[in-house]
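Some notes on the structure that comes next.
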Amino acid sequence: MPDESVKVAVRVRPFNQREKDRGSKCIIGMDGGQTTISNPEATGEEPKKFAFDYSYWSHSGFIEREDMVLEPDKPSSKYASQDIVFKDLGQGVLDNAFEGYNCSLFAYGQTGSGKSFSMVGYGPNRGIVPITCDELFKTIHANKDPNRKFEVTFSMLEIYNEQVRDLLSKDNPKGGLQVRQNPKLGLFYVQSQKKVPVGSYDEIAKRMEQGTASRTVASTAMNATSSRAHTVVTIVFDQIIKGDEGETKKSSVMNLVDLAGSERADSTGATGDRLKEGANINKSLSALGNVISALADLSMGKKKIMVPYRDSVLTKLLQNALGGNSKTIMIAALSPADINYDETLGTLRYADRAKKIKNKAVVNENPMDKLIRELREENDRLKAAMTGGVVLADQKNMSKEEIEKMKKEMEEEIRAQLMANSDALQEQTVSWDDRLKESRKETDEDGSSGVQKKKQKVPHFYNLNEDPMLSGVVVYLLEKDKVMVGRTDADPKPDIVLSGLSILKQHAVIAKKGKDFEISQSTPGAKIKVNGVPISGSHTMQHLDRILYGSNHLYVFVNPVNPVSAPDTPKEVSYNFAQSEIAKSKGFNTDGKGLTKDQIQAQEQVLELLPMVSEVNAISEELDKKRSFEVILMSAAAQEGGLMTEKSTKVMIKMKNLVNDNTWLWERGKFMNRRYLIQDLYQNFLNGDESCLNLPKEEDPFWEPTEDVLIGTANVFLQSLAYALDFDDRLCITDYKGQEEGNLYVTVSPCAQNGKPLDEDYFVDDPCELLGKPYHLKVMVRTADINKSRFARGIKVRYKFYKDTDYSETPMIKGTLSPEFNNSKIFSLPSICQDHLDFFETNCITFMVYGIQEDTAEPTRGTKTTKQLREDDNRDKPELRRRNTSFALDTGADQSQLKAEYAVLVRKFDRLAQKEKRLQQLCSEWNSKPTGEKQFEPFYRAVTAVAKSTGTRLKTRVQTLQKSQHNADDTISLYAFGEEEEEMALEAQNNDGVISYDKIAQHQGINGLPPKHHVLQAQRAVQMKNGSATKSGGSGGSSGGSGGGEQQQSKACVIQ
């Protein structure tokens, strides 16, 4: 048969409720086989286009019938229903199976994108897998040919963290089942995997329910996130055909694969993790991507391409499905929401690569006696090899230890293959009918159907899981008056057996009280939450209450006898709803109304991280790691340069050493990596590997070298610089929660290039006067006062100015909580531009105060367990409990911003107040004149001149010249406005800066000046008529002329 490309389909789902509540926008478009995606951050950008075999629009244009089946709302609707998807994809799988071809169907996409809906479906909206199985048996049962019989076997496995679990077996070995390679065919298989005969679709449905329940219980007990697991359903369909020359077997292997969530691991913060190389959360998906890329290159004609099938368990098992003897289909599930743009684009690109792969499928048809003969001959060869000893073809350049190790591995492979062949031969000796009868007996003994009937009338619990497919599959009936909850090693054995983190031997007791049930702790300290709130005494449960046992056993209580729910309880309780109320109980505001995209993303991350942090804390307690973890929100104000910018609230994880209070802040990506390693560590512990309790600290995911900790931040707003004013004040140092950690004393002031301070008169009325001129400023970090004594080990300050890439840093001052830094740095701007003025106006310098941490221990804490230390920590610091923490950006003005604004306004007010006094003086003088002397035109000219004068053209400090007075520091601050400005400036210039008292007094009309015979002398040179001055605020306003409004330069004399 010629090569055939992998068929690729994409399907976009409707908005979920959370996306609807938040007003998400659809970024996916479909037209025929073409799919487009629009970047929500670049509205003018052309949408990216992709072409696939099928593009299914299931986002809109549908209605729900009375039987809850979804169908198009009108004939012209382009809605793709489950039936349409099956006819295009599933029917092809079915047809190929009857022809004897191997078939594979993959579902790929981000968690929550609709993979499971397409593959399995919900309720009456059955997916590809159940419809395919149903149609398979309909065709079998319709067979009238006595010479053709059919045998169908079913198996179901899960791959998580490179371990294989048989979901149909109650006993899985620690470390998972082994994956072996058939030496003859070169293909990989799972050793000892259970393959059960099935005779109807109902039997397959029951087996899938069994596998799903096993998957749910295991994922809860192992703390495995279901979205990180791959599920592989394998149906082997054999057709036994009798002919003149004996029986022929036509065999088809159908692999139906629901891949793990494809969301990208957050690289932010993970790049600096010392354990990054050991933590590849999506290792198998990455390996699958590499295999697809290599196969695509081969299909394009590239030579010498090595396909890395051996890089993961998943790619080993799917070797035949990809690039081998199989007809393969991939369906990529897409999220329509703008917030998932990056992940959805990644899914489209992944699918685009897959469509380039070409397979070469052949019909699997062989005589039965030939198959049996070949099995026996292969067994004889394997036994001979074992008896004669394994001989390696090439032993050159190999040490004795390497040779022995390889021989041992080969012997294990031979034994495994012998066992597999013997099992296959054994199956031939037992009739198909007997095997099917035994399988049905096992299904009947399971008793799950009886539970499903009873729960309509009997109060019970059902489980919640982040994967909707795994919710509601575990049910515990409350048929006794007193039901015990605990571990399997409790004595007596509990009625409800749970396992996993934070589950005590005797955990909870549920007692019947009339029509109601009460829940209480069996053992003090047992972790139980009802509707997100921890309980310590007994609590009467209401219908649809959410119960959390330990860290991750989440259930819904259903009471058909008294179905009265608490107010605001939804009719259908979801996993997300339960997690939201847990977040609310911890003080996080989960109301998504009015939030930006970044804030919604922060909220999503909190809801995602809270159960993970709870899990890691529980592992820390069980392994006694003396570490505590907490989700924190880092507001824009707490981030470097974040205040007054577009930086959003950042979600981070704080790890705390409970022995010495050292803390570390981890980015989300780093925590995700560490959590993966922590899960792996705990799994090894459960598998009996006690060496994981004594790891070298460099290999321990709970250990982190000490580093300087951010005590808090303080912000200096720079508006004063735009007016050439100093900022000198005490700043409050606040941590990420906004709590005060101390004070920092800072000065930011304009200066000369050599750092010499400018005259304190220097003031710019309009920042635009600075444009095109050089500007120098000095940042002085003077002293600090820190509250917490543990930071006396050492304190330093770091900050950046404008667009600096490197931090400016003070020396580390040790041994005090009141360090005196007196550290200054001059920053020079060669020519002020508008960008600089905008920076002054809207931004700030964020001073980050750090403290030294040392790896010491408190003697009184070292003997306590992690659980005791966490209880002490929560008891000693009740302020850690949040009160309605908001996800919105914190743009509230800092005190330093207000003070900067105040300094500018004081200067402006002083000038305007003196202008007002001058106007009042003119009016008073006019009013006091006799009527005959009141000439309006001179009066109007004088008032207009003052009104239009800026009073900022000349700034001079004056002092008394009388030597007998020792008030050398007595100064008078005055402005000159109006028509007399030029005359006064000229007099000062002609008299070496000396202006007579009478002239000043006459102009100002102010009482309280120095005695009349004193003369005032300018300390600085006055501004010259030609506009040059050693101290000038730049170009000022204009003073009005007479009549025609001729404008003149204002030459006010400022005395300060």
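Lettering and numbering for the structure tokens are positional, with chains as A, B, ... in the shown order, residues counted from 1 in each chain, and ligands counted from 1 in the shown order.
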Original post:
Can you list, as JSON, numbers by chain, every residue of region 2-37 of chain A that DSSP puts in alpha helix (DSSP H)?
Top reply: {"A": [17, 18, 19, 20, 21]}
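Residues lying within 7 Å of region 133-135 of chain A, counting only C-alpha atoms and ignoring same-chain neighbours fewer than 4 positions away, are Val129, Thr139 and Tyr201 of chain A.
The coordinates place CA of His507 (chain A) at 17.0 Å from CA of Asp481 (chain A).
Take the candidates A:Asn715, A:Trp703, A:Ile535, A:Val613 and check each one against Lys800 (chain A) using only C-alpha atoms; the shortest distance goes to A:Asn715.
In this structure, CA of Phe188 (chain A) sits 27.0 Å away from CA of Ala205 (chain A).
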Subject >> All residues 9 Å or closer to Phe98 (chain A), only C-alpha atoms, same chain fewer than 5 positions away omitted, as a list in words >> reply: Val93, Leu136, Phe237, Asp238, Gln239, Lys250, Ser251 and Ser252 of chain A
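If you measure from each of A:Gln163, A:Gln605, A:Ser614, A:Asn562 to Val313 (chain A) using only C-alpha atoms, the closest one turns out to be A:Gln163.
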**OP:** Compile the contact shell of region 790-799 of chain A as a PyMOL selection string: residues with an atom at most 8 Å away, counting only C-alpha atoms, same-chain residues fewer than 4 positions apart removed.
**Re:** chain A and resi 640+786+807-817+819+845-853
Filtering to C-alpha atoms, could you give me those residues as a tab-separated table (two decimals), in the first residue's frame?
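Generated file (part_36.tsv):
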chain	number	residue	atom	x	y	z
A	640	GLU	CA	11.02	46.93	40.85
A	786	ILE	CA	14.49	48.09	59.95
A	807	TYR	CA	21.44	47.96	39.53
A	808	SER	CA	23.07	50.63	41.63
A	809	GLU	CA	23.83	49.17	45.03
A	810	THR	CA	24.92	50.34	48.46
A	811	PRO	CA	27.50	48.45	50.51
A	812	MET	CA	26.15	45.74	52.83
A	813	ILE	CA	26.02	47.12	56.38
A	814	LYS	CA	26.17	44.40	59.03
A	815	GLY	CA	25.43	44.21	62.73
A	816	THR	CA	22.76	46.90	62.99
A	817	LEU	CA	19.09	47.55	62.26
A	819	PRO	CA	22.50	51.17	58.89
A	845	ILE	CA	12.74	55.00	41.58
A	846	THR	CA	12.01	51.79	43.48
A	847	PHE	CA	14.50	51.20	46.28
A	848	MET	CA	14.70	47.49	47.07
A	849	VAL	CA	15.92	46.77	50.59
A	850	TYR	CA	17.59	43.38	51.06
A	851	GLY	CA	18.65	41.48	54.14
A	852	ILE	CA	21.23	38.73	54.57
A	853	GLN	CA	19.98	35.24	55.41
Subject >> Who sits within 7 Å of region 18-34 of chain A, only C-alpha atoms, same chain under 5 positions skipped, as a VMD selection string >> reply: chain A and resid 49 to 55 57 336 to 338 592 to 593
Those residues with C-alpha atoms, as a PDB file, in the first residue's frame please?
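Once everything was written out, this is out_13.pdb:
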ATOM      1  CA  LYS A  49      -3.773  30.615   8.844  1.00  0.00           C
ATOM      2  CA  PHE A  50      -3.540  26.821   8.982  1.00  0.00           C
ATOM      3  CA  ALA A  51      -4.953  24.150   6.663  1.00  0.00           C
ATOM      4  CA  PHE A  52      -6.046  20.735   7.963  1.00  0.00           C
ATOM      5  CA  ASP A  53      -8.013  17.753   6.688  1.00  0.00           C
ATOM      6  CA  TYR A  54     -10.937  18.762   8.877  1.00  0.00           C
ATOM      7  CA  SER A  55     -11.748  21.932  10.822  1.00  0.00           C
ATOM      8  CA  TRP A  57     -16.588  24.503  14.425  1.00  0.00           C
ATOM      9  CA  PRO A 336     -11.514  29.742  21.723  1.00  0.00           C
ATOM     10  CA  ALA A 337     -10.674  32.218  24.520  1.00  0.00           C
ATOM     11  CA  ASP A 338      -8.277  35.103  23.977  1.00  0.00           C
ATOM     12  CA  GLY A 592     -13.549  38.161  37.995  1.00  0.00           C
ATOM     13  CA  LYS A 593     -15.778  41.108  37.089  1.00  0.00           C
TER      14      LYS A 593
END
Original post:
In Å, how far is it from CA of Pro308 (chain A) to CA of Ala287 (chain A)?
Top reply: 7.5 Å
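Nearest to Asp342 (chain A) of all the residues A:Gln921, A:Ser538, A:Ser38, A:Ser77 is A:Ser38, counting only C-alpha atoms.
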Considering only C-alpha atoms, return as a PDB file with all heavy atoms, in the first residue's frame whatever protein or nucleic-acid residues lie within 12 Å of Lys480 (chain A), sequence-local ones (same chain, fewer than 6 positions apart) excluded.
ATOM      1  N   VAL A 458     -30.073   6.786  48.447  1.00  0.00           N
ATOM      2  CA  VAL A 458     -29.232   6.713  49.644  1.00  0.00           C
ATOM      3  C   VAL A 458     -28.277   7.909  49.694  1.00  0.00           C
ATOM      4  O   VAL A 458     -27.628   8.223  48.691  1.00  0.00           O
ATOM      5  CB  VAL A 458     -28.420   5.396  49.647  1.00  0.00           C
ATOM      6  CG1 VAL A 458     -27.511   5.318  50.869  1.00  0.00           C
ATOM      7  CG2 VAL A 458     -29.347   4.196  49.591  1.00  0.00           C
ATOM      8  N   PRO A 459     -28.186   8.604  50.846  1.00  0.00           N
ATOM      9  CA  PRO A 459     -27.185   9.674  50.975  1.00  0.00           C
ATOM     10  C   PRO A 459     -25.782   9.143  50.672  1.00  0.00           C
ATOM     11  O   PRO A 459     -25.450   8.017  51.061  1.00  0.00           O
ATOM     12  CB  PRO A 459     -27.323  10.113  52.431  1.00  0.00           C
ATOM     13  CG  PRO A 459     -28.726   9.775  52.795  1.00  0.00           C
ATOM     14  CD  PRO A 459     -29.025   8.490  52.062  1.00  0.00           C
ATOM     15  N   HIS A 460     -24.965   9.967  50.026  1.00  0.00           N
ATOM     16  CA  HIS A 460     -23.658   9.459  49.585  1.00  0.00           C
ATOM     17  C   HIS A 460     -22.715  10.624  49.295  1.00  0.00           C
ATOM     18  O   HIS A 460     -23.113  11.802  49.242  1.00  0.00           O
ATOM     19  CB  HIS A 460     -23.809   8.594  48.336  1.00  0.00           C
ATOM     20  CG  HIS A 460     -24.400   9.316  47.153  1.00  0.00           C
ATOM     21  ND1 HIS A 460     -25.755   9.473  46.992  1.00  0.00           N
ATOM     22  CD2 HIS A 460     -23.830   9.943  46.082  1.00  0.00           C
ATOM     23  CE1 HIS A 460     -26.002  10.151  45.882  1.00  0.00           C
ATOM     24  NE2 HIS A 460     -24.843  10.462  45.318  1.00  0.00           N
ATOM     25  N   ASP A 495     -14.974   2.328  57.027  1.00  0.00           N
ATOM     26  CA  ASP A 495     -15.975   2.054  55.993  1.00  0.00           C
ATOM     27  C   ASP A 495     -15.589   2.721  54.676  1.00  0.00           C
ATOM     28  O   ASP A 495     -15.823   2.172  53.604  1.00  0.00           O
ATOM     29  CB  ASP A 495     -17.350   2.579  56.449  1.00  0.00           C
ATOM     30  CG  ASP A 495     -17.766   1.997  57.789  1.00  0.00           C
ATOM     31  OD1 ASP A 495     -18.112   0.805  57.824  1.00  0.00           O
ATOM     32  OD2 ASP A 495     -17.715   2.737  58.788  1.00  0.00           O
ATOM     33  N   ILE A 496     -15.033   3.925  54.774  1.00  0.00           N
ATOM     34  CA  ILE A 496     -14.538   4.631  53.587  1.00  0.00           C
ATOM     35  C   ILE A 496     -13.020   4.689  53.713  1.00  0.00           C
ATOM     36  O   ILE A 496     -12.490   5.330  54.621  1.00  0.00           O
ATOM     37  CB  ILE A 496     -15.128   6.045  53.487  1.00  0.00           C
ATOM     38  CG1 ILE A 496     -16.648   5.981  53.317  1.00  0.00           C
ATOM     39  CG2 ILE A 496     -14.504   6.808  52.329  1.00  0.00           C
ATOM     40  CD1 ILE A 496     -17.321   7.346  53.289  1.00  0.00           C
ATOM     41  N   VAL A 509     -15.472  10.860  61.225  1.00  0.00           N
ATOM     42  CA  VAL A 509     -16.637  10.027  61.514  1.00  0.00           C
ATOM     43  C   VAL A 509     -17.873  10.785  61.046  1.00  0.00           C
ATOM     44  O   VAL A 509     -17.995  12.002  61.245  1.00  0.00           O
ATOM     45  CB  VAL A 509     -16.733   9.670  63.013  1.00  0.00           C
ATOM     46  CG1 VAL A 509     -16.799  10.926  63.876  1.00  0.00           C
ATOM     47  CG2 VAL A 509     -17.934   8.787  63.280  1.00  0.00           C
ATOM     48  N   ILE A 510     -18.763  10.069  60.378  1.00  0.00           N
ATOM     49  CA  ILE A 510     -19.998  10.663  59.867  1.00  0.00           C
ATOM     50  C   ILE A 510     -21.159   9.970  60.568  1.00  0.00           C
ATOM     51  O   ILE A 510     -21.323   8.738  60.452  1.00  0.00           O
ATOM     52  CB  ILE A 510     -20.100  10.503  58.347  1.00  0.00           C
ATOM     53  CG1 ILE A 510     -18.919  11.235  57.688  1.00  0.00           C
ATOM     54  CG2 ILE A 510     -21.416  11.041  57.819  1.00  0.00           C
ATOM     55  CD1 ILE A 510     -18.577  10.742  56.331  1.00  0.00           C
ATOM     56  N   ALA A 511     -21.942  10.728  61.311  1.00  0.00           N
ATOM     57  CA  ALA A 511     -23.017  10.169  62.127  1.00  0.00           C
ATOM     58  C   ALA A 511     -24.366  10.635  61.603  1.00  0.00           C
ATOM     59  O   ALA A 511     -24.544  11.813  61.268  1.00  0.00           O
ATOM     60  CB  ALA A 511     -22.857  10.584  63.586  1.00  0.00           C
ATOM     61  N   LYS A 512     -25.324   9.715  61.546  1.00  0.00           N
ATOM     62  CA  LYS A 512     -26.675  10.035  61.085  1.00  0.00           C
ATOM     63  C   LYS A 512     -27.473  10.655  62.222  1.00  0.00           C
ATOM     64  O   LYS A 512     -27.520  10.130  63.329  1.00  0.00           O
ATOM     65  CB  LYS A 512     -27.358   8.772  60.572  1.00  0.00           C
ATOM     66  CG  LYS A 512     -28.722   9.017  59.930  1.00  0.00           C
ATOM     67  CD  LYS A 512     -29.298   7.727  59.385  1.00  0.00           C
ATOM     68  CE  LYS A 512     -30.648   7.978  58.714  1.00  0.00           C
ATOM     69  NZ  LYS A 512     -31.240   6.718  58.195  1.00  0.00           N
ATOM     70  N   LYS A 513     -28.115  11.791  61.956  1.00  0.00           N
ATOM     71  CA  LYS A 513     -28.956  12.492  62.926  1.00  0.00           C
ATOM     72  C   LYS A 513     -30.304  12.775  62.266  1.00  0.00           C
ATOM     73  O   LYS A 513     -30.519  13.816  61.665  1.00  0.00           O
ATOM     74  CB  LYS A 513     -28.309  13.812  63.357  1.00  0.00           C
ATOM     75  CG  LYS A 513     -26.920  13.675  63.956  1.00  0.00           C
ATOM     76  CD  LYS A 513     -26.957  13.051  65.338  1.00  0.00           C
ATOM     77  CE  LYS A 513     -25.565  12.995  65.942  1.00  0.00           C
ATOM     78  NZ  LYS A 513     -25.570  12.352  67.285  1.00  0.00           N
ATOM     79  N   PHE A 517     -26.825  14.423  58.441  1.00  0.00           N
ATOM     80  CA  PHE A 517     -25.580  13.748  58.804  1.00  0.00           C
ATOM     81  C   PHE A 517     -24.607  14.784  59.346  1.00  0.00           C
ATOM     82  O   PHE A 517     -24.507  15.891  58.817  1.00  0.00           O
ATOM     83  CB  PHE A 517     -24.964  13.048  57.588  1.00  0.00           C
ATOM     84  CG  PHE A 517     -25.672  11.790  57.186  1.00  0.00           C
ATOM     85  CD1 PHE A 517     -26.828  11.844  56.420  1.00  0.00           C
ATOM     86  CD2 PHE A 517     -25.205  10.548  57.593  1.00  0.00           C
ATOM     87  CE1 PHE A 517     -27.490  10.693  56.045  1.00  0.00           C
ATOM     88  CE2 PHE A 517     -25.860   9.388  57.215  1.00  0.00           C
ATOM     89  CZ  PHE A 517     -27.006   9.451  56.438  1.00  0.00           C
TER      90      PHE A 517
END
